[in-house]
$ cat run-v3.cif   # mmCIF, C-alpha atoms
data_target
#
loop_
_atom_site.group_PDB
_atom_site.id
_atom_site.type_symbol
_atom_site.label_atom_id
_atom_site.label_comp_id
_atom_site.auth_asym_id
_atom_site.auth_seq_id
_atom_site.Cartn_x
_atom_site.Cartn_y
_atom_site.Cartn_z
ATOM 1 C CA MET D 169 92.963 28.617 -40.922
ATOM 2 C CA ASN D 170 96.119 30.612 -40.239
ATOM 3 C CA ASN D 171 95.454 34.005 -41.800
ATOM 4 C CA GLY D 172 96.824 36.187 -38.992
ATOM 5 C CA THR D 173 99.327 38.903 -39.780
ATOM 6 C CA ALA D 174 101.731 38.600 -36.846
ATOM 7 C CA HIS D 175 105.393 38.330 -37.753
ATOM 8 C CA PRO D 176 107.453 38.980 -34.601
ATOM 9 C CA ASP D 177 110.880 38.463 -36.156
ATOM 10 C CA VAL D 178 110.468 41.008 -38.963
ATOM 11 C CA GLN D 179 110.893 44.745 -39.187
ATOM 12 C CA ASP D 180 108.358 46.904 -40.953
ATOM 13 C CA ALA D 181 109.094 47.624 -44.601
ATOM 14 C CA PRO D 182 108.077 51.108 -45.789
ATOM 15 C CA ALA D 183 104.297 51.027 -45.851
ATOM 16 C CA ASP D 184 103.891 52.765 -49.210
ATOM 17 C CA THR D 185 106.384 50.436 -50.901
ATOM 18 C CA THR D 186 104.713 47.349 -49.464
ATOM 19 C CA ALA D 187 101.248 48.564 -50.412
ATOM 20 C CA ARG D 188 102.309 49.279 -53.990
ATOM 21 C CA ILE D 189 103.766 45.805 -54.471
ATOM 22 C CA VAL D 190 100.837 44.066 -52.824
ATOM 23 C CA ASP D 191 98.236 46.030 -54.753
ATOM 24 C CA ALA D 192 99.844 45.308 -58.118
ATOM 25 C CA PHE D 193 100.200 41.572 -57.561
ATOM 26 C CA LEU D 194 96.718 41.153 -56.098
ATOM 27 C CA ARG D 195 95.104 43.149 -58.893
ATOM 28 C CA ALA D 196 96.887 41.018 -61.495
ATOM 29 C CA ARG D 197 95.938 37.765 -59.781
ATOM 30 C CA ARG D 198 92.307 38.828 -59.444
ATOM 31 C CA ALA D 199 92.136 39.700 -63.138
ATOM 32 C CA GLY D 200 94.177 36.752 -64.409
ATOM 33 C CA ASP D 201 96.570 39.267 -65.975
ATOM 34 C CA ALA D 202 100.328 39.481 -66.404
ATOM 35 C CA LEU D 203 102.668 42.148 -65.038
ATOM 36 C CA PRO D 204 105.362 43.728 -67.254
ATOM 37 C CA GLY D 205 107.882 43.905 -64.407
ATOM 38 C CA PHE D 206 108.265 43.894 -60.645
ATOM 39 C CA PRO D 207 105.923 46.609 -59.319
ATOM 40 C CA GLY D 208 108.311 48.743 -57.304
ATOM 41 C CA THR D 209 111.562 48.197 -55.474
ATOM 42 C CA ILE D 210 112.467 44.606 -54.701
ATOM 43 C CA PRO D 211 112.561 44.074 -50.899
ATOM 44 C CA ASP D 212 116.084 44.301 -49.501
ATOM 45 C CA THR D 213 115.904 41.015 -47.582
ATOM 46 C CA LEU D 214 113.801 37.893 -47.260
ATOM 47 C CA VAL D 215 112.542 39.266 -43.957
ATOM 48 C CA ASP D 216 111.240 42.340 -45.793
ATOM 49 C CA ALA D 217 109.725 40.110 -48.471
ATOM 50 C CA TYR D 218 107.737 38.218 -45.831
ATOM 51 C CA VAL D 219 106.312 41.572 -44.688
ATOM 52 C CA VAL D 220 105.008 41.975 -48.247
ATOM 53 C CA GLN D 221 103.684 38.414 -48.268
ATOM 54 C CA ASP D 222 101.899 38.864 -44.941
ATOM 55 C CA ALA D 223 100.224 42.027 -46.230
ATOM 56 C CA ALA D 224 99.181 40.222 -49.410
ATOM 57 C CA ILE D 225 97.717 37.304 -47.427
ATOM 58 C CA ALA D 226 95.733 39.793 -45.354
ATOM 59 C CA GLY D 227 94.419 41.373 -48.572
ATOM 60 C CA TRP D 228 93.387 38.088 -50.185
ATOM 61 C CA SER D 229 89.950 36.900 -49.082
ATOM 62 C CA ASP D 230 90.659 33.208 -48.821
ATOM 63 C CA ASP D 231 91.986 30.907 -46.118
ATOM 64 C CA VAL D 232 95.549 29.638 -46.054
ATOM 65 C CA VAL D 233 95.410 25.827 -45.949
ATOM 66 C CA GLY D 234 99.101 25.152 -46.326
ATOM 67 C CA TRP D 235 102.520 26.279 -47.485
ATOM 68 C CA LYS D 236 104.841 25.499 -50.366
ATOM 69 C CA VAL D 237 108.538 25.174 -49.617
ATOM 70 C CA GLY D 238 111.075 26.281 -52.209
ATOM 71 C CA TYR D 239 114.827 25.718 -52.088
ATOM 72 C CA ILE D 240 117.155 28.722 -52.421
ATOM 73 C CA ALA D 241 120.424 28.227 -54.267
ATOM 74 C CA ALA D 242 123.471 29.149 -52.180
ATOM 75 C CA GLU D 243 124.384 32.148 -54.333
ATOM 76 C CA LYS D 244 120.895 33.642 -53.883
ATOM 77 C CA ARG D 245 120.680 33.478 -50.088
ATOM 78 C CA ASP D 246 120.837 36.506 -47.831
ATOM 79 C CA GLY D 247 121.732 37.298 -44.242
ATOM 80 C CA SER D 248 118.637 35.549 -42.883
ATOM 81 C CA GLY D 249 120.486 32.260 -43.309
ATOM 82 C CA ASP D 250 117.386 30.636 -44.821
ATOM 83 C CA GLU D 251 118.068 27.889 -47.341
ATOM 84 C CA ARG D 252 114.410 27.709 -48.278
ATOM 85 C CA LEU D 253 111.350 29.942 -48.620
ATOM 86 C CA LEU D 254 107.619 29.685 -47.979
ATOM 87 C CA GLY D 255 104.546 30.656 -49.956
ATOM 88 C CA PRO D 256 100.870 30.271 -49.008
ATOM 89 C CA ILE D 257 98.469 27.768 -50.531
ATOM 90 C CA PHE D 258 94.857 28.937 -50.508
ATOM 91 C CA ARG D 259 91.729 26.865 -50.050
ATOM 92 C CA ARG D 260 90.229 27.653 -53.462
ATOM 93 C CA ASN D 261 93.456 26.561 -55.142
ATOM 94 C CA LEU D 262 93.601 23.202 -53.370
ATOM 95 C CA GLN D 263 92.371 20.234 -55.424
ATOM 96 C CA GLN D 264 92.236 16.487 -55.008
ATOM 97 C CA ALA D 265 93.608 14.333 -57.824
ATOM 98 C CA ALA D 266 90.778 13.198 -60.115
ATOM 99 C CA ASP D 267 89.954 12.520 -63.737
ATOM 100 C CA GLY D 268 89.411 15.614 -65.867
ATOM 101 C CA LEU D 269 91.375 17.879 -63.535
ATOM 102 C CA GLU D 270 92.289 21.383 -64.742
ATOM 103 C CA ILE D 271 94.997 23.630 -63.317
ATOM 104 C CA ALA D 272 95.378 27.330 -64.125
ATOM 105 C CA VAL D 273 98.499 29.351 -64.930
ATOM 106 C CA PHE D 274 98.947 33.040 -65.679
ATOM 107 C CA ALA D 275 99.328 33.060 -69.447
ATOM 108 C CA PRO D 276 100.080 34.651 -71.754
ATOM 109 C CA GLY D 277 102.717 36.894 -70.260
ATOM 110 C CA GLY D 278 103.155 35.359 -66.819
ATOM 111 C CA PHE D 279 105.030 32.386 -65.387
ATOM 112 C CA GLY D 280 103.616 28.873 -65.321
ATOM 113 C CA ALA D 281 105.174 25.561 -64.343
ATOM 114 C CA ILE D 282 104.433 22.252 -62.667
ATOM 115 C CA GLU D 283 106.370 20.647 -59.837
ATOM 116 C CA ALA D 284 106.107 17.086 -58.552
ATOM 117 C CA GLU D 285 105.715 17.332 -54.788
ATOM 118 C CA TYR D 286 105.636 15.195 -51.689
ATOM 119 C CA VAL D 287 102.995 16.790 -49.470
ATOM 120 C CA LEU D 288 102.848 16.513 -45.694
ATOM 121 C CA ARG D 289 99.660 17.059 -43.684
ATOM 122 C CA LEU D 290 100.088 17.958 -40.024
ATOM 123 C CA ASP D 291 98.068 15.653 -37.795
ATOM 124 C CA ALA D 292 98.726 17.717 -34.658
ATOM 125 C CA ASP D 293 99.349 21.365 -33.851
ATOM 126 C CA ALA D 294 102.970 22.412 -33.617
ATOM 127 C CA PRO D 295 103.875 23.819 -30.173
ATOM 128 C CA VAL D 296 103.304 27.566 -30.340
ATOM 129 C CA ASP D 297 106.470 28.420 -28.408
ATOM 130 C CA LYS D 298 108.901 26.281 -30.445
ATOM 131 C CA THR D 299 110.640 28.339 -33.139
ATOM 132 C CA GLU D 300 113.538 26.070 -34.103
ATOM 133 C CA TRP D 301 113.138 22.527 -35.394
ATOM 134 C CA THR D 302 115.620 19.855 -36.378
ATOM 135 C CA PRO D 303 114.735 17.382 -39.140
ATOM 136 C CA ASP D 304 114.367 14.573 -36.591
ATOM 137 C CA GLU D 305 112.105 16.698 -34.385
ATOM 138 C CA ALA D 306 109.958 17.512 -37.410
ATOM 139 C CA ALA D 307 109.619 13.840 -38.337
ATOM 140 C CA ALA D 308 108.438 13.099 -34.784
ATOM 141 C CA LEU D 309 105.493 15.501 -35.123
ATOM 142 C CA PRO D 310 102.458 13.460 -36.267
ATOM 143 C CA SER D 311 101.946 13.880 -40.010
ATOM 144 C CA THR D 312 100.771 12.055 -43.119
ATOM 145 C CA LEU D 313 102.501 12.043 -46.502
ATOM 146 C CA PHE D 314 100.796 12.292 -49.905
ATOM 147 C CA VAL D 315 101.880 12.629 -53.508
ATOM 148 C CA GLY D 316 101.141 15.987 -55.065
ATOM 149 C CA LEU D 317 101.584 18.487 -57.859
ATOM 150 C CA GLU D 318 102.248 22.186 -57.333
ATOM 151 C CA VAL D 319 101.019 24.761 -59.808
ATOM 152 C CA ALA D 320 103.908 27.231 -59.764
ATOM 153 C CA SER D 321 102.550 30.351 -61.407
ATOM 154 C CA SER D 322 102.728 34.127 -61.108
ATOM 155 C CA PRO D 323 101.609 37.146 -63.118
ATOM 156 C CA LEU D 324 105.329 38.035 -63.336
ATOM 157 C CA ALA D 325 107.176 36.053 -66.012
ATOM 158 C CA THR D 326 110.606 36.825 -64.545
ATOM 159 C CA ILE D 327 109.747 35.874 -60.961
ATOM 160 C CA ASN D 328 112.306 33.077 -60.663
ATOM 161 C CA VAL D 329 114.974 35.030 -62.546
ATOM 162 C CA LEU D 330 114.622 37.957 -60.122
ATOM 163 C CA GLY D 331 115.159 35.658 -57.169
ATOM 164 C CA PRO D 332 113.765 34.491 -53.829
ATOM 165 C CA ARG D 333 112.806 37.925 -52.455
ATOM 166 C CA VAL D 334 110.520 38.379 -55.448
ATOM 167 C CA VAL D 335 109.206 34.822 -55.183
ATOM 168 C CA VAL D 336 108.297 35.378 -51.525
ATOM 169 C CA SER D 337 106.630 38.687 -52.378
ATOM 170 C CA ASP D 338 104.139 37.007 -54.725
ATOM 171 C CA PHE D 339 102.734 34.117 -52.685
ATOM 172 C CA GLY D 340 105.866 32.040 -53.235
ATOM 173 C CA ASN D 341 105.063 31.744 -56.955
ATOM 174 C CA ASN D 342 102.138 29.464 -56.132
ATOM 175 C CA ASN D 343 98.768 29.179 -57.832
ATOM 176 C CA GLY D 344 97.575 25.860 -56.510
ATOM 177 C CA LEU D 345 98.253 22.403 -55.161
ATOM 178 C CA VAL D 346 96.860 19.029 -56.209
ATOM 179 C CA VAL D 347 96.973 16.286 -53.570
ATOM 180 C CA GLY D 348 96.898 12.624 -54.539
ATOM 181 C CA ALA D 349 97.361 9.249 -52.884
ATOM 182 C CA GLU D 350 98.667 8.721 -49.361
ATOM 183 C CA ILE D 351 102.114 7.223 -48.775
ATOM 184 C CA PRO D 352 101.698 5.273 -45.507
ATOM 185 C CA ASP D 353 104.271 5.286 -42.690
ATOM 186 C CA TRP D 354 106.565 7.753 -44.404
ATOM 187 C CA THR D 355 108.970 8.122 -41.480
ATOM 188 C CA SER D 356 109.854 4.425 -41.662
ATOM 189 C CA LEU D 357 110.699 4.540 -45.377
ATOM 190 C CA ASP D 358 114.059 4.906 -47.058
ATOM 191 C CA GLU D 359 113.484 8.178 -48.907
ATOM 192 C CA ALA D 360 115.629 6.897 -51.766
ATOM 193 C CA THR D 361 112.725 4.572 -52.611
ATOM 194 C CA LEU D 362 110.416 7.553 -53.210
ATOM 195 C CA ARG D 363 110.919 8.181 -56.922
ATOM 196 C CA ALA D 364 109.007 10.482 -59.267
ATOM 197 C CA GLU D 365 108.828 11.398 -62.935
ATOM 198 C CA SER D 366 107.190 14.435 -64.568
ATOM 199 C CA ARG D 367 105.776 14.419 -68.084
ATOM 200 C CA ILE D 368 104.282 17.115 -70.283
ATOM 201 C CA ASP D 369 102.283 15.982 -73.307
ATOM 202 C CA ASP D 370 103.674 12.464 -72.775
ATOM 203 C CA ALA D 371 107.312 13.611 -72.938
ATOM 204 C CA VAL D 372 109.450 13.048 -69.837
ATOM 205 C CA VAL D 373 110.703 16.443 -68.610
ATOM 206 C CA GLY D 374 112.200 15.494 -65.251
ATOM 207 C CA THR D 375 113.005 12.619 -62.931
ATOM 208 C CA GLY D 376 113.948 12.508 -59.281
ATOM 209 C CA GLY D 377 112.289 11.906 -55.953
ATOM 210 C CA ALA D 378 112.402 12.721 -52.266
ATOM 211 C CA THR D 379 116.205 12.689 -52.159
ATOM 212 C CA THR D 380 116.295 15.385 -54.858
ATOM 213 C CA LEU D 381 115.358 17.746 -52.029
ATOM 214 C CA PRO D 382 118.491 18.807 -50.106
ATOM 215 C CA GLY D 383 118.201 17.116 -46.715
ATOM 216 C CA GLY D 384 115.091 15.247 -47.867
ATOM 217 C CA LEU D 385 111.548 15.553 -46.585
ATOM 218 C CA ARG D 386 112.549 16.032 -42.972
ATOM 219 C CA ALA D 387 114.694 19.112 -43.687
ATOM 220 C CA ALA D 388 111.915 20.759 -45.692
ATOM 221 C CA PHE D 389 109.393 19.996 -42.948
ATOM 222 C CA ALA D 390 111.716 21.383 -40.266
ATOM 223 C CA PHE D 391 112.184 24.605 -42.212
ATOM 224 C CA ALA D 392 108.445 25.073 -42.665
ATOM 225 C CA LEU D 393 107.856 24.584 -38.949
ATOM 226 C CA SER D 394 110.686 26.933 -37.925
ATOM 227 C CA ARG D 395 110.060 29.783 -40.346
ATOM 228 C CA SER D 396 106.291 29.668 -39.757
ATOM 229 C CA ALA D 397 106.773 29.875 -35.990
ATOM 230 C CA ARG D 398 109.219 32.768 -36.318
ATOM 231 C CA ARG D 399 106.630 34.595 -38.446
ATOM 232 C CA GLY D 400 104.041 34.203 -35.705
ATOM 233 C CA ARG D 401 102.185 31.546 -37.706
ATOM 234 C CA PRO D 402 102.893 28.239 -35.912
ATOM 235 C CA LEU D 403 101.581 25.407 -38.040
ATOM 236 C CA LYS D 404 98.273 23.821 -37.139
ATOM 237 C CA ARG D 405 96.707 20.404 -37.486
ATOM 238 C CA GLY D 406 95.364 19.928 -41.010
ATOM 239 C CA GLU D 407 97.765 22.334 -42.705
ATOM 240 C CA LEU D 408 99.665 21.042 -45.729
ATOM 241 C CA ILE D 409 103.348 21.396 -46.564
ATOM 242 C CA ALA D 410 104.460 20.931 -50.189
ATOM 243 C CA THR D 411 108.075 20.032 -49.513
ATOM 244 C CA GLY D 412 109.716 21.184 -52.763
ATOM 245 C CA ASN D 413 110.140 20.226 -56.398
ATOM 246 C CA ALA D 414 111.102 16.565 -56.624
ATOM 247 C CA THR D 415 111.909 16.465 -60.361
ATOM 248 C CA GLY D 416 112.582 20.125 -61.173
ATOM 249 C CA ILE D 417 110.513 23.114 -62.253
ATOM 250 C CA HIS D 418 108.894 22.456 -65.613
ATOM 251 C CA ASP D 419 107.458 25.320 -67.666
ATOM 252 C CA ILE D 420 103.990 24.624 -69.004
ATOM 253 C CA LEU D 421 101.393 26.446 -71.106
ATOM 254 C CA PRO D 422 97.610 26.381 -71.449
ATOM 255 C CA GLY D 423 96.494 23.447 -73.547
ATOM 256 C CA GLN D 424 99.313 21.196 -72.429
ATOM 257 C CA ARG D 425 98.841 18.074 -70.319
ATOM 258 C CA ALA D 426 100.715 17.442 -67.084
ATOM 259 C CA HIS D 427 101.322 13.925 -65.788
ATOM 260 C CA VAL D 428 103.320 13.179 -62.649
ATOM 261 C CA VAL D 429 104.094 9.554 -61.796
ATOM 262 C CA PHE D 430 105.214 8.558 -58.306
ATOM 263 C CA GLU D 431 106.786 5.126 -58.670
ATOM 264 C CA GLY D 432 104.529 2.586 -57.009
ATOM 265 C CA ARG D 433 102.686 5.362 -55.136
ATOM 266 C CA GLY D 434 100.227 6.888 -57.586
ATOM 267 C CA GLU D 435 100.007 9.496 -60.284
ATOM 268 C CA ILE D 436 98.354 12.815 -61.047
ATOM 269 C CA ARG D 437 97.102 14.057 -64.428
ATOM 270 C CA ALA D 438 95.842 17.536 -65.271
ATOM 271 C CA THR D 439 95.185 19.765 -68.247
ATOM 272 C CA VAL D 440 96.487 23.317 -68.091
ATOM 273 C CA VAL D 441 94.208 26.295 -68.722
ATOM 274 C CA ALA D 442 94.788 30.044 -68.630
ATOM 275 C CA ALA D 443 93.856 31.808 -65.395
ATOM 276 C CA THR D 444 90.814 34.026 -65.771
ATOM 277 C CA ALA D 445 89.312 36.729 -63.632
ATOM 278 C CA GLU D 446 86.762 34.269 -62.295
ATOM 279 C CA GLU D 447 89.372 31.650 -61.393
ATOM 280 C CA SER D 448 91.759 34.141 -59.831
ATOM 281 C CA SER D 449 89.234 36.310 -58.006
ATOM 282 C CA PRO D 450 89.197 36.053 -54.210
#

$ encode --input "run-v3.cif" --output "structure tokens"
Amino acid sequence: MNNGTAHPDVQDAPADTTARIVDAFLRARRAGDALPGFPGTIPDTLVDAYVVQDAAIAGWSDDVVGWKVGYIAAEKRDGSGDERLLGPIFRRNLQQAADGLEIAVFAPGGFGAIEAEYVLRLDADAPVDKTEWTPDEAAALPSTLFVGLEVASSPLATINVLGPRVVVSDFGNNNGLVVGAEIPDWTSLDEATLRAESRIDDAVVGTGGATTLPGGLRAAFAFALSRSARRGRPLKRGELIATGNATGIHDILPGQRAHVVFEGRGEIRATVVAATAEESSP
């Protein structure tokens, strides 16, 4: 869908450094393996990290069908001014909610978690020349809202500890997205009524909802539109935006059962398995 490599607002990171990082992460993902540490020097800025991400997308033989949005704590932000980050969601890692669903995490040795998500699907192309979006402008762009579950997983166990530049460098710490039921007429709803609860092996591990996201769904959508346009990847009709963790980030291991309940809107169940070479291979 949107697998180009243009990124007009970034400067080139050193090619050998970028290649080393990209090669290590892609090799690990293809093999279903873990990494003992970050493979090289952490990019100096988020802008540099997106150079790494763009190179990794170009090296991964699958189509980008959407983007996950992650919130960046104030103390971890850099001079870009970004309060959030993006990571690609690939076609082979996109699933529809169904009975008997399995989701894969990099284990042992990697990072694996689930996140309850509200997922937007663009129903029209974003204007290619618009690089800044307000939340209200984003809400006016035709879109449809669904419940969802993100598989947050990386071969690097310390990815979240090392911070957003590392998260961006490895596909935004994403290894899949499950999309469930539609939430009709989302722009007319009070987002406070969109409530969610996450469970692992029947134990409640987090509660929240759309208002857990700073600025709500509209702010996350606006960021995705703006940052994508500034990268030279204006969003297209049909692309998905996972707006951010609505109940927290919940560590999970192979063999455990994930269950996300969206109050009055649907639920998603899945069993976790370990990523294998076959599942991770492009």

$ resolve_selection --input "run-v3.cif" --expression "the PyMOL selection byres ((chain D and resi 429) around 6)" --output "PyMOL selection string"
chain D and resi 364-365+428+430+435

$ resolve_selection --input "run-v3.cif" --expression "the PyMOL selection byres ((chain D and resi 363) around 8)" --output "number ranges by chain"
D: 360-362, 364-365, 375-378, 430-431

$ closest_residue --input "run-v3.cif" --among "D:His418, D:Arg367, D:Arg386, D:Arg195" --to "D:Ser311" --atoms "only C-alpha atoms"
D:Arg386

$ atom_distance --input "run-v3.cif" --atom1 "atom CA of D:Ala443" --atom2 "atom CA of D:Gly406"
27.2 Å

$ resolve_selection --input "run-v3.cif" --expression "the PyMOL selection byres ((chain D and resi 324) around 7)" --output "PDB file with C-alpha atoms, keeping the file's coordinate frame"
ATOM      1  CA  ALA D 202     100.328  39.481 -66.404  1.00  0.00           C
ATOM      2  CA  LEU D 203     102.668  42.148 -65.038  1.00  0.00           C
ATOM      3  CA  PRO D 204     105.362  43.728 -67.254  1.00  0.00           C
ATOM      4  CA  GLY D 205     107.882  43.905 -64.407  1.00  0.00           C
ATOM      5  CA  GLY D 278     103.155  35.359 -66.819  1.00  0.00           C
ATOM      6  CA  PHE D 279     105.030  32.386 -65.387  1.00  0.00           C
ATOM      7  CA  SER D 322     102.728  34.127 -61.108  1.00  0.00           C
ATOM      8  CA  PRO D 323     101.609  37.146 -63.118  1.00  0.00           C
ATOM      9  CA  ALA D 325     107.176  36.053 -66.012  1.00  0.00           C
ATOM     10  CA  THR D 326     110.606  36.825 -64.545  1.00  0.00           C
ATOM     11  CA  ILE D 327     109.747  35.874 -60.961  1.00  0.00           C
TER      12      ILE D 327
END

$ closest_residue --input "run-v3.cif" --among "D:Leu317, D:Thr312, D:Ile210, D:Val219" --to "D:Leu269" --atoms "all atoms listed in the file"
D:Leu317

$ closest_residue --input "run-v3.cif" --among "D:Val319, D:Val346, D:Ala196, D:Ile420" --to "D:Leu262" --atoms "all atoms listed in the file"
D:Val346

$ closest_residue --input "run-v3.cif" --among "D:Glu318, D:Glu285, D:Glu305, D:Glu350" --to "D:Ala414" --atoms "all atoms listed in the file"
D:Glu285

$ closest_residue --input "run-v3.cif" --among "D:Thr185, D:Trp228, D:Ala242, D:Val315" --to "D:Gly432" --atoms "all atoms listed in the file"
D:Val315

$ closest_residue --input "run-v3.cif" --among "D:Gly249, D:Gly348, D:Pro303, D:Pro310" --to "D:Glu407" --atoms "only C-alpha atoms"
D:Pro310

$ atom_distance --input "run-v3.cif" --atom1 "atom CA of D:Leu357" --atom2 "atom CA of D:Asp293"
23.3 Å

$ axis_aligned_box --input "run-v3.cif" --around "stretch 299-309 of chain D" --padding-each-side "6 Å" --output "lines of an AutoDock Vina configuration file"
center_x = 110.6
center_y = 20.7
center_z = -36.1
size_x = 22.1
size_y = 27.2
size_z = 18.0

$ atom_distance --input "run-v3.cif" --atom1 "atom CA of D:Gln221" --atom2 "atom CA of D:Gln264"
25.6 Å

$ residues_near_point --input "run-v3.cif" --point "(119.4, 24.6, -54.2)" --cutoff "9 Å" --atoms "only C-alpha atoms" --output "list in words"
Gly238, Tyr239, Ile240, Ala241, Ala242, Glu251, Arg252, Leu381 and Pro382 of chain D

$ decode --input "run-v3.cif" --residues "stretch 235-266 of chain D" --atoms "C-alpha atoms" --output "CSV table (one decimal), in the first residue's frame"
chain,number,residue,atom,x,y,z
D,235,TRP,CA,0.3,2.3,11.6
D,236,LYS,CA,0.4,2.0,15.4
D,237,VAL,CA,0.6,5.1,17.4
D,238,GLY,CA,2.5,5.1,20.7
D,239,TYR,CA,2.5,7.9,23.3
D,240,ILE,CA,5.9,9.3,24.4
D,241,ALA,CA,6.2,10.4,28.0
D,242,ALA,CA,7.3,14.0,28.4
D,243,GLU,CA,10.7,13.2,29.9
D,244,LYS,CA,11.5,11.0,26.8
D,245,ARG,CA,10.7,13.5,24.1
D,246,ASP,CA,13.3,15.1,21.9
D,247,GLY,CA,13.7,18.3,19.8
D,248,SER,CA,11.2,17.0,17.2
D,249,GLY,CA,8.4,18.1,19.5
D,250,ASP,CA,6.6,14.8,18.8
D,251,GLU,CA,4.4,13.5,21.7
D,252,ARG,CA,3.8,10.3,19.9
D,253,LEU,CA,5.5,7.8,17.5
D,254,LEU,CA,4.5,5.6,14.6
D,255,GLY,CA,5.3,2.0,13.7
D,256,PRO,CA,4.2,0.0,10.6
D,257,ILE,CA,1.6,-2.7,10.6
D,258,PHE,CA,2.1,-5.3,7.9
D,259,ARG,CA,-0.5,-7.2,6.0
D,260,ARG,CA,0.6,-10.7,7.1
D,261,ASN,CA,0.3,-9.5,10.8
D,262,LEU,CA,-3.2,-8.2,10.4
D,263,GLN,CA,-6.0,-10.5,11.7
D,264,GLN,CA,-9.7,-10.2,12.1
D,265,ALA,CA,-11.1,-11.2,15.5
D,266,ALA,CA,-12.3,-14.8,15.5
